[in-house]
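Notes to accompany the following structure.
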Amino acid sequence: MSDQELTVRLAPSVGQFAAAEWNALGGDRNPFVSHEFLTAMEDSGSVGEGTGWDPVPIVITDSAGKLVAAMPSYAKGHSQGEYVFDHSWADAWHRAGGRYYPKLQIAAPFTPANGPRLLLQDESLAPHLLKAAETVCANNGLSSVHATFIAPEQRGLFEAGGWLMRSDIQFHWLNRGYASFDDFLGALTSRKRKDLRKERAAACAGLTTRHLSGKDIREEHWDAFWVFYQDTGARKWGRPYLTREAFSLLGERMGDRIILILAYDGATPIAGALNFAGSDALYGRYWGCTREVRFLHFELCYYQAIDIAIARGLARVEAGAQGGHKLARGYEPVQTVSAHWIADPGFRAAIADFLARERAGVASDQLYLDARTPFRKA
């Protein structure tokens, strides 16, 4: 940027800024750093007082007060809802007599999906945001700063800042110019092709599905999905992260970027999957059911997501964290990255050593998984 006076500060919420101003920095391309998503989390009480996710976005404004850079940041009192697990780090630091919490988290809350973590009018502002996060950490006695699920194109910005890099593996479906689901099936081995067709037929037997977006999503649909979400949340996390109001606000503010898939037995919805569309990817987020139907999870979350991505010309489907069962269904192993700044030099050195060994293991795992995809070999 041209030489001018810049102001770096902590803001009390994303909602303090106009949607157009915030989204001009990247929220128009990635749904989870959009003003609509982040303020839905704030206004619904899914983040904020009592949640352990206190919004403290770090922003840069120019001499005219215009927003030119921002980071969606949260003071965290625990490590829940992050999907990059640092519980062992917290335990080690507590045993050494330190205090791990609170820490600073740069993330889209409860969302293990790649996206920009530095929202920039100009890349030259990246070092200022990173230094601001480090300063907030040092001045407030925080143990560390963590930026999770960083968009691949931003990895170098964090590495240039000297942050520690961590790798993990997710399973993404990659669109290689397929014209239809059958076209995709043609890239698989014969046995896998037959397996997927059988799974789709079994899952859909006697059921109908609906894809809902925008104004077609009514409160009755969110009521049904809330039941599904609560059931899954109770089994996975002990309690759901999002409030019921969050879904209504998401539908109201960004319904055109949502595809809600519901499965019906007659007139009764029995299962659902919630997806968000970005400029080049479909993101599968939540799933749940009130009745177990064999393969229905795969149908709603994976196969219909592929149908949507092909129809919309999207480059990939990111179906969330973990799940080795996705491999057999045409989802491929892809490395995700996070970046970490540790305040204490000794603790930082110990984590750096751990991460070097962990990265080697992740690289080995990816080679193993790459060799076991269901695609026909050349």
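By order of appearance in the structure tokens: chains A, B, ..., then residues from 1 within every chain, and ligands from 1 in the order shown.
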
Could I get the residues of stretch 298-332 of chain A with an atom no further than 6 Å from an atom of stretch 274-293 of chain A, each paired with its nearest atom pair and that distance in Å to one decimal, using only C-alpha atoms, sorted by chain and residue number, as JSON lines?
{"residue": "A:Leu314", "atom": "CA", "partner": "A:Asp280", "partner_atom": "CA", "distance": 4.9}
{"residue": "A:Ala315", "atom": "CA", "partner": "A:Asp280", "partner_atom": "CA", "distance": 5.4}
{"residue": "A:Arg316", "atom": "CA", "partner": "A:Ala281", "partner_atom": "CA", "distance": 5.0}
{"residue": "A:Val317", "atom": "CA", "partner": "A:Leu282", "partner_atom": "CA", "distance": 4.8}
{"residue": "A:Glu318", "atom": "CA", "partner": "A:Tyr283", "partner_atom": "CA", "distance": 4.9}
{"residue": "A:Ala319", "atom": "CA", "partner": "A:Gly284", "partner_atom": "CA", "distance": 4.6}

Margin query: What's around stretch 197-209 of chain A at 12 Å? Count only C-alpha atoms, leave out sequence neighbours fewer than 2 positions away in its own chain, and write the answer as number ranges by chain.
Written below: A: 181-182, 184-186, 188, 190-195, 211-212, 260-273, 292-304, 328-329

I'd like a table as JSON lines: residues in stretch 35-54 of chain A with an atom no more than 9 Å from stretch 100-123 of chain A, each row giving the shortest atom pair and its distance in Å to one decimal, only C-alpha atoms counted, sorted by chain and rising residue number.
{"residue": "A:Phe37", "atom": "CA", "partner": "A:Ala108", "partner_atom": "CA", "distance": 8.8}
{"residue": "A:Leu38", "atom": "CA", "partner": "A:Ala108", "partner_atom": "CA", "distance": 7.5}
{"residue": "A:Met41", "atom": "CA", "partner": "A:Pro109", "partner_atom": "CA", "distance": 7.9}
{"residue": "A:Ser46", "atom": "CA", "partner": "A:Pro109", "partner_atom": "CA", "distance": 8.9}
{"residue": "A:Val47", "atom": "CA", "partner": "A:Pro109", "partner_atom": "CA", "distance": 7.9}
{"residue": "A:Gly52", "atom": "CA", "partner": "A:Pro102", "partner_atom": "CA", "distance": 8.8}
{"residue": "A:Trp53", "atom": "CA", "partner": "A:Pro109", "partner_atom": "CA", "distance": 8.1}

Next item on the list: Run DSSP on the backbone and grab whatever in stretch 99-217 of chain A lands in alpha helix (DSSP H); send it over as an NGL selection string.
Entry: :A and (126-139 or 155-160 or 181-185 or 190-204)

Can you list every residue of stretch 91-185 of chain A that has an atom at most 10 Å from stretch 352-358 of chain A, with its nearest atom pair and the distance in Å to one decimal, using only C-alpha atoms, ordered by chain then number, as CSV?
residue,atom,partner,partner_atom,distance
A:Trp163,CA,A:Ala352,CA,9.8
A:Leu164,CA,A:Ala352,CA,6.6
A:Met165,CA,A:Leu355,CA,7.5
A:Arg166,CA,A:Leu355,CA,6.2
A:Ser167,CA,A:Glu358,CA,7.8
A:Asp168,CA,A:Glu358,CA,8.9

Checklist line | Residue neighbourhood stretch 64-68 of chain A, 10 Å, only C-alpha atoms, exclusion window fewer than 5 positions, as a list in words | finding: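 Once the nearby chain positions are removed, what remains is Met1, Glu5, Leu6, Thr7, Phe17, Ala18, Glu21, Trp22, Ala24, Leu25, Val59, Leu119, Leu120, Gln121, Asp122 and Leu125 of chain A.
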
Note to self: Calculated over only C-alpha atoms, which of the candidates A:Ala343, A:Gly162, A:Ala40, A:Ser34 has the smallest distance to A:Asn140?
What the structure shows: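 Residue with the minimum atom-to-atom distance to A:Asn140: A:Ala343.
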